[in-house]
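Enquirer: First the structure, then my questions, so here it is.
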Amino acid sequence: MTIPADTFPTLAAVARSPAELRRLPVERLGALADELRAYLIHTVATRGGHFAAGLGTVELTIALHYVFDTPHDRLVWDVGHQAYPHKVLTGRGERLATIKQKGGLAPFPTRAESEYDTFGVGHSSTSISAALGMAVAAAQRGEQRSVIAVIGDGALTGGMAWEAMLNAGASKANLIVVLNDNDMSISENVGALSHYLARILSSRTYAKMREGGKRILEQMPTMRELARRSEEHLKGMVLPGTLFEELGFTYNSVVDGHDVRELVRILGNLRASKGPQFLHIQTRKGKGYRPAEEDPIKWHGPGPFDPASGTIFKEAAKGPAYSQVFGDWLCDMAARDERIIGITPAMREGSGLVGFSKQFPDRYFDVAIAEQHAVTFAAGLACEGLRPVVAIYSTFLQRAYDQLIHDVALQNLPVVFALDRAGLVGGDGATHQGSYDLSFLRCIPNMVVMAPADENECRQMLYTAATLPGPAAVRYPRGQGPGAKIAAEMTALPVGKGEVRREGRSGLLVLAWGAMVEGAMAIGDRFDATVVNMRYVKPLDEALVLQLAGRHRAMITIEENALAGGAGSAVTELLAAEQYSLPLLSLGIPDRFIEHGSREDCLAMAGLDTASLLAAADHWWATLTAGPARARIMVP
C-alpha cells in the first residue's frame, strides 16, 4: 500500500522523512494536518489499531518534527498510542496498515524499527526519565541537541513520571517536557489569556529578562524574596503551573494543541531556551472524527470499522471473554461479601470492571497508572479486614514486584490478584506479553498461584482465592476461552490439587496449566497419553505428580509462560529432589521476546499452538522410541 498522492498530496510529498516536512512553508502545515488525520482514519479503519489518541496528536507531531532536527534532536514518546502520526511522518506511512500484525509495524515506538524511535515504549510514564538520561548524556559529551519528552495526561498519573520530574528540575538539564492534556486532568483551558501568557513566557526576551532579574536579585535578598512571592502569587491566580515551577521547570501555559502554527512558534522559542522547560498543551482525543471525539474510550483501540457510519466490525464471540467472567464474578462476590473491594490501575474497561464500578461505586477504586500504589493500597485495606481484589494485567504487575513481595506476601495479607492478559496477548507485542508471572510469582513465599483451563474454572478459582487467608493470584489469558458452561454457584477448589482429564495407556504423561490444557488434550488423543490439568502452579500437586511419574515412562509439561523458572521448572525440581529419572520435555515460551501478531501468530512463534505442540511431541516421542533410547523408556 502507498499513500495515494491524488487524495493526500501534501502528506505523500513529505512522509518520506521529517527533512521533507521541514521544507514546507509554515502556511501549509494546517493542510498537512487535515490530510494526516484523514489518512489515519482511512488506514486504521481497514485493520484496526490504536486510534483516538493519535488523532489528538496530529498537530503536535507535525510541529515537533518541523521545529526540531529529528532524529539528531531526541523525541521520546510516552504512552505509544499517541505515536501513529509520528510513524507516518518518519517514513513508515505506507506500512501503517500492517501495524500490530505479524511482520508489520510495531504497535509502539521501538528502536529496532526506526532511528526516529529513540526509546522503546509500551508501559507508560517512562518518557521523562529516558529523555532526562539522553539530555544528561548530551551534556556529558558536549553535544548540542534538544531532547523532548511527550507525555499524555494519563501517564503523568504514574509515580515514575514525578520521580523523573523531581530529578530533572534539580538537574537543570536542557530538557523539554510536553504535557498532552486532553481535558481529563490538570486544568481547564483558560482561554485567550493563556495563549498570550504562553507566547510571552516562552519568548527569548522573557527568558533573558527572567534570568537577568534573578542575577540582580541574588544581590538583594529582601527584594528577591518579595519578587519570588509576588511571582508565585500571580501565577497561582492565572496559571496551573506553580507546581511545575517549584519542581524547577519553566512552565509554559496551556496552549491549543490543535493550532499547529502556534505550536511551531512556541516550540521554536523553547528550542532556544536553557534548563528544564514544561509546555502544557490541550488537545482532544479523537479530534476530527466525531464518533471518537464523543466516545474516546470506545475508540481507543477499535477493530476495523466503517469510517462513514462509525460502525466497528466485530467477530461474533463464541462466549464471554475471561475479562467478563472476572467482572461478573466480582459483582456476584461483592453482593455476597461486603468486604470485597475492586482496584484497578487505570484499566477499568480492559479488566472488565465497568459493571462493578456502576453497581458498587463506593467499593471501586481506579488509582490511575500507579501499579505500585495499587498493590500497597490493597495491602492497607487487607490490614483492616477488607478483601481487596486487584485487577491488573500480567505485564503491569511486573511494575509492582517489590510491593507484591514486601507489602503483601511478607505480611501474608489476603489480597486477590486477578491477572488478565496472562501469556501471549497478540497485537500489543513484546511489551505487553504476560510471559513471566508464573516465574516471578512461584518464588514468593505465601503466594498461591492458579491457572484456569476454562471459563468456569476461572470463576471457581477466583472464588477460591477470595476464601484464602493469604495472597493468591489467578492468571488467565486474553480473549475467550474454550466455551465451558459457567456455573452460577461458586465452589472452592481443593488447594494444590490437579485434575486428571484423560487416562492413557501409552506410558506418556502430559502435565498442562491454564490455556495449554486444550493443546495437551490433542497430544493425549494423538499418543493415547494421560493428561492432567494441573490447576495450581503453587502449591504444586506434588503427590499427584510423583504418583503418575512412578507409573509412566515419559513426561511432557506445557505452560504459556517463560520456561525459565516456570511451572515446568517446578516439576523438574520436584523430580530431581525425589530422585525420579524419566525423559522430560518442557514446552513453554522460549528465551526470547515474542513480537506482535495475532494471538494465534504469537502462540505459533512460541511453539505453543496446537500444531506446534503436536509436532514437538511427535519428534520427541519418535526419538525416544527409536534405537537405544527405546529400551530406556520402555521400563515401567
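Residues in the C-alpha cells are named by chain (A, B, ... in the order shown) and by number from 1 within that chain; ligands are numbered from 1 in the order shown.
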May I have the residues within 8 Å of segment 461-474 of chain A as an mmCIF file with N, CA and C atoms, in the first residue's frame, using only C-alpha atoms and disregarding those fewer than 4 positions away in the same chain?

Expert:
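Result file is selection17.cif:
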```cif
data_model
loop_
_atom_site.group_PDB
_atom_site.id
_atom_site.type_symbol
_atom_site.label_atom_id
_atom_site.label_comp_id
_atom_site.auth_asym_id
_atom_site.auth_seq_id
_atom_site.Cartn_x
_atom_site.Cartn_y
_atom_site.Cartn_z
ATOM 1 N N PHE A 326 -14.414 -12.548 34.864
ATOM 2 C CA PHE A 326 -13.928 -11.931 36.100
ATOM 3 C C PHE A 326 -14.885 -10.855 36.592
ATOM 4 N N TRP A 329 -17.980 -12.328 38.096
ATOM 5 C CA TRP A 329 -17.673 -12.947 39.396
ATOM 6 C C TRP A 329 -17.528 -11.877 40.480
ATOM 7 N N MET A 333 -19.604 -11.711 43.806
ATOM 8 C CA MET A 333 -18.896 -11.856 45.070
ATOM 9 C C MET A 333 -19.139 -10.654 45.973
ATOM 10 N N ARG A 387 -11.346 -7.247 51.873
ATOM 11 C CA ARG A 387 -10.846 -8.262 50.934
ATOM 12 C C ARG A 387 -10.633 -7.622 49.559
ATOM 13 N N VAL A 408 2.660 -7.241 50.636
ATOM 14 C CA VAL A 408 1.561 -8.203 50.638
ATOM 15 C C VAL A 408 2.029 -9.569 51.136
ATOM 16 N N ALA A 409 2.944 -10.198 50.401
ATOM 17 C CA ALA A 409 3.304 -11.581 50.714
ATOM 18 C C ALA A 409 4.034 -11.713 52.041
ATOM 19 N N ASN A 412 1.656 -11.730 54.602
ATOM 20 C CA ASN A 412 0.646 -12.768 54.386
ATOM 21 C C ASN A 412 -0.766 -12.190 54.395
ATOM 22 N N LEU A 413 -0.968 -11.127 53.641
ATOM 23 C CA LEU A 413 -2.259 -10.442 53.617
ATOM 24 C C LEU A 413 -3.160 -11.016 52.529
ATOM 25 N N PRO A 414 -4.435 -11.124 52.785
ATOM 26 C CA PRO A 414 -5.365 -11.736 51.828
ATOM 27 C C PRO A 414 -5.763 -10.785 50.699
ATOM 28 N N VAL A 415 -4.875 -10.630 49.745
ATOM 29 C CA VAL A 415 -5.138 -9.822 48.554
ATOM 30 C C VAL A 415 -5.263 -10.769 47.366
ATOM 31 N N VAL A 416 -6.313 -10.592 46.573
ATOM 32 C CA VAL A 416 -6.508 -11.403 45.372
ATOM 33 C C VAL A 416 -5.988 -10.619 44.170
ATOM 34 N N PHE A 417 -5.153 -11.256 43.373
ATOM 35 C CA PHE A 417 -4.649 -10.658 42.145
ATOM 36 C C PHE A 417 -5.303 -11.367 40.965
ATOM 37 N N ALA A 418 -6.131 -10.631 40.224
ATOM 38 C CA ALA A 418 -6.757 -11.158 39.020
ATOM 39 C C ALA A 418 -5.895 -10.733 37.847
ATOM 40 N N LEU A 419 -5.094 -11.654 37.335
ATOM 41 C CA LEU A 419 -4.091 -11.338 36.321
ATOM 42 C C LEU A 419 -4.643 -11.589 34.922
ATOM 43 N N ASN A 446 4.295 -17.696 50.620
ATOM 44 C CA ASN A 446 2.903 -17.393 50.988
ATOM 45 C C ASN A 446 1.969 -17.241 49.793
ATOM 46 N N MET A 447 2.500 -17.157 48.560
ATOM 47 C CA MET A 447 1.634 -16.983 47.395
ATOM 48 C C MET A 447 0.978 -18.297 46.991
ATOM 49 N N VAL A 448 -0.285 -18.206 46.585
ATOM 50 C CA VAL A 448 -0.977 -19.296 45.902
ATOM 51 C C VAL A 448 -1.200 -18.831 44.473
ATOM 52 N N VAL A 449 -0.826 -19.671 43.500
ATOM 53 C CA VAL A 449 -0.869 -19.270 42.094
ATOM 54 C C VAL A 449 -1.669 -20.302 41.308
ATOM 55 N N MET A 450 -2.716 -19.825 40.637
ATOM 56 C CA MET A 450 -3.629 -20.705 39.912
ATOM 57 C C MET A 450 -3.729 -20.303 38.444
ATOM 58 N N ALA A 451 -4.019 -21.294 37.583
ATOM 59 C CA ALA A 451 -4.184 -21.049 36.148
ATOM 60 C C ALA A 451 -5.365 -21.874 35.660
ATOM 61 N N PRO A 452 -6.488 -21.233 35.350
ATOM 62 C CA PRO A 452 -7.685 -21.988 34.939
ATOM 63 C C PRO A 452 -7.596 -22.482 33.505
ATOM 64 N N GLU A 457 -13.755 -22.751 35.367
ATOM 65 C CA GLU A 457 -12.672 -22.947 36.321
ATOM 66 C C GLU A 457 -12.106 -21.604 36.771
ATOM 67 N N MET A 490 -20.729 -20.845 43.261
ATOM 68 C CA MET A 490 -19.278 -20.722 43.444
ATOM 69 C C MET A 490 -18.827 -21.750 44.464
ATOM 70 N N THR A 491 -17.834 -22.548 44.063
ATOM 71 C CA THR A 491 -17.341 -23.631 44.908
ATOM 72 C C THR A 491 -15.825 -23.541 45.003
ATOM 73 N N ALA A 492 -15.315 -23.573 46.213
ATOM 74 C CA ALA A 492 -13.869 -23.514 46.408
ATOM 75 C C ALA A 492 -13.230 -24.817 45.937
ATOM 76 N N LEU A 493 -12.155 -24.693 45.170
ATOM 77 C CA LEU A 493 -11.419 -25.863 44.702
ATOM 78 C C LEU A 493 -10.392 -26.280 45.754
#
```

Enquirer: Residues of segment 240-305 of chain A that approach segment 41-50 of chain A to 8 Å or less, counting only C-alpha atoms: could you list each one with the shortest pair of atoms and its distance in Å to one decimal, rows by chain and increasing residue number, as JSON lines?

Expert:
```
{"residue": "A:Tyr289", "atom": "CA", "partner": "A:Ile41", "partner_atom": "CA", "distance": 7.8}
{"residue": "A:Trp299", "atom": "CA", "partner": "A:His50", "partner_atom": "CA", "distance": 7.9}
{"residue": "A:His300", "atom": "CA", "partner": "A:His50", "partner_atom": "CA", "distance": 5.6}
{"residue": "A:Gly301", "atom": "CA", "partner": "A:His50", "partner_atom": "CA", "distance": 4.1}
{"residue": "A:Pro302", "atom": "CA", "partner": "A:Gly48", "partner_atom": "CA", "distance": 5.5}
{"residue": "A:Gly303", "atom": "CA", "partner": "A:Gly48", "partner_atom": "CA", "distance": 3.9}
{"residue": "A:Pro304", "atom": "CA", "partner": "A:Gly48", "partner_atom": "CA", "distance": 4.3}
{"residue": "A:Phe305", "atom": "CA", "partner": "A:Ala45", "partner_atom": "CA", "distance": 4.8}
```

Enquirer: Residues of the last selection are to be written out with all heavy atoms, as a PDB file, in the first residue's frame.

Expert:
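Saved as again.pdb:
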```pdb
ATOM      1  N   TYR A 289     -12.748  13.161  14.179  1.00  0.00           N
ATOM      2  CA  TYR A 289     -13.645  12.051  13.856  1.00  0.00           C
ATOM      3  C   TYR A 289     -14.695  11.998  14.957  1.00  0.00           C
ATOM      4  O   TYR A 289     -14.396  11.596  16.088  1.00  0.00           O
ATOM      5  CB  TYR A 289     -12.876  10.733  13.757  1.00  0.00           C
ATOM      6  CG  TYR A 289     -13.716   9.584  13.225  1.00  0.00           C
ATOM      7  CD1 TYR A 289     -14.214   9.621  11.928  1.00  0.00           C
ATOM      8  CD2 TYR A 289     -14.010   8.487  14.016  1.00  0.00           C
ATOM      9  CE1 TYR A 289     -14.989   8.578  11.436  1.00  0.00           C
ATOM     10  CE2 TYR A 289     -14.773   7.438  13.535  1.00  0.00           C
ATOM     11  CZ  TYR A 289     -15.273   7.491  12.243  1.00  0.00           C
ATOM     12  OH  TYR A 289     -16.046   6.461  11.755  1.00  0.00           O
ATOM     13  N   TRP A 299     -13.202   4.158  21.277  1.00  0.00           N
ATOM     14  CA  TRP A 299     -12.369   4.258  20.082  1.00  0.00           C
ATOM     15  C   TRP A 299     -10.888   4.287  20.401  1.00  0.00           C
ATOM     16  O   TRP A 299     -10.075   4.652  19.562  1.00  0.00           O
ATOM     17  CB  TRP A 299     -12.768   5.496  19.278  1.00  0.00           C
ATOM     18  CG  TRP A 299     -14.099   5.325  18.621  1.00  0.00           C
ATOM     19  CD1 TRP A 299     -15.327   5.589  19.153  1.00  0.00           C
ATOM     20  CD2 TRP A 299     -14.337   4.801  17.311  1.00  0.00           C
ATOM     21  NE1 TRP A 299     -16.321   5.276  18.259  1.00  0.00           N
ATOM     22  CE2 TRP A 299     -15.739   4.787  17.115  1.00  0.00           C
ATOM     23  CE3 TRP A 299     -13.507   4.351  16.290  1.00  0.00           C
ATOM     24  CZ2 TRP A 299     -16.322   4.327  15.937  1.00  0.00           C
ATOM     25  CZ3 TRP A 299     -14.085   3.899  15.108  1.00  0.00           C
ATOM     26  CH2 TRP A 299     -15.468   3.898  14.945  1.00  0.00           C
ATOM     27  N   HIS A 300     -10.531   3.862  21.597  1.00  0.00           N
ATOM     28  CA  HIS A 300      -9.107   3.796  21.950  1.00  0.00           C
ATOM     29  C   HIS A 300      -8.363   2.842  21.023  1.00  0.00           C
ATOM     30  O   HIS A 300      -7.307   3.177  20.481  1.00  0.00           O
ATOM     31  CB  HIS A 300      -8.948   3.352  23.400  1.00  0.00           C
ATOM     32  CG  HIS A 300      -7.537   3.014  23.773  1.00  0.00           C
ATOM     33  ND1 HIS A 300      -6.572   3.967  23.956  1.00  0.00           N
ATOM     34  CD2 HIS A 300      -6.924   1.817  23.964  1.00  0.00           C
ATOM     35  CE1 HIS A 300      -5.425   3.386  24.266  1.00  0.00           C
ATOM     36  NE2 HIS A 300      -5.612   2.080  24.271  1.00  0.00           N
ATOM     37  N   GLY A 301      -8.903   1.659  20.853  1.00  0.00           N
ATOM     38  CA  GLY A 301      -8.251   0.664  20.000  1.00  0.00           C
ATOM     39  C   GLY A 301      -9.278  -0.198  19.310  1.00  0.00           C
ATOM     40  O   GLY A 301      -9.375  -1.394  19.589  1.00  0.00           O
ATOM     41  N   PRO A 302     -10.062   0.383  18.390  1.00  0.00           N
ATOM     42  CA  PRO A 302     -11.112  -0.404  17.744  1.00  0.00           C
ATOM     43  C   PRO A 302     -10.551  -1.392  16.740  1.00  0.00           C
ATOM     44  O   PRO A 302      -9.413  -1.274  16.287  1.00  0.00           O
ATOM     45  CB  PRO A 302     -11.942   0.674  17.023  1.00  0.00           C
ATOM     46  CG  PRO A 302     -10.932   1.722  16.665  1.00  0.00           C
ATOM     47  CD  PRO A 302      -9.973   1.743  17.836  1.00  0.00           C
ATOM     48  N   GLY A 303     -11.374  -2.347  16.378  1.00  0.00           N
ATOM     49  CA  GLY A 303     -11.048  -3.194  15.241  1.00  0.00           C
ATOM     50  C   GLY A 303     -11.368  -2.450  13.964  1.00  0.00           C
ATOM     51  O   GLY A 303     -11.626  -1.233  13.976  1.00  0.00           O
ATOM     52  N   PRO A 304     -11.373  -3.134  12.831  1.00  0.00           N
ATOM     53  CA  PRO A 304     -11.758  -2.488  11.576  1.00  0.00           C
ATOM     54  C   PRO A 304     -13.142  -1.858  11.696  1.00  0.00           C
ATOM     55  O   PRO A 304     -14.014  -2.368  12.422  1.00  0.00           O
ATOM     56  CB  PRO A 304     -11.759  -3.650  10.580  1.00  0.00           C
ATOM     57  CG  PRO A 304     -10.829  -4.664  11.169  1.00  0.00           C
ATOM     58  CD  PRO A 304     -11.018  -4.556  12.643  1.00  0.00           C
ATOM     59  N   PHE A 305     -13.356  -0.736  11.001  1.00  0.00           N
ATOM     60  CA  PHE A 305     -14.644  -0.040  11.105  1.00  0.00           C
ATOM     61  C   PHE A 305     -14.987   0.652   9.800  1.00  0.00           C
ATOM     62  O   PHE A 305     -14.135   0.822   8.913  1.00  0.00           O
ATOM     63  CB  PHE A 305     -14.623   0.961  12.266  1.00  0.00           C
ATOM     64  CG  PHE A 305     -13.611   2.078  12.124  1.00  0.00           C
ATOM     65  CD1 PHE A 305     -13.946   3.292  11.541  1.00  0.00           C
ATOM     66  CD2 PHE A 305     -12.310   1.913  12.597  1.00  0.00           C
ATOM     67  CE1 PHE A 305     -13.021   4.309  11.413  1.00  0.00           C
ATOM     68  CE2 PHE A 305     -11.373   2.935  12.483  1.00  0.00           C
ATOM     69  CZ  PHE A 305     -11.727   4.137  11.887  1.00  0.00           C
TER      70      PHE A 305
END
```
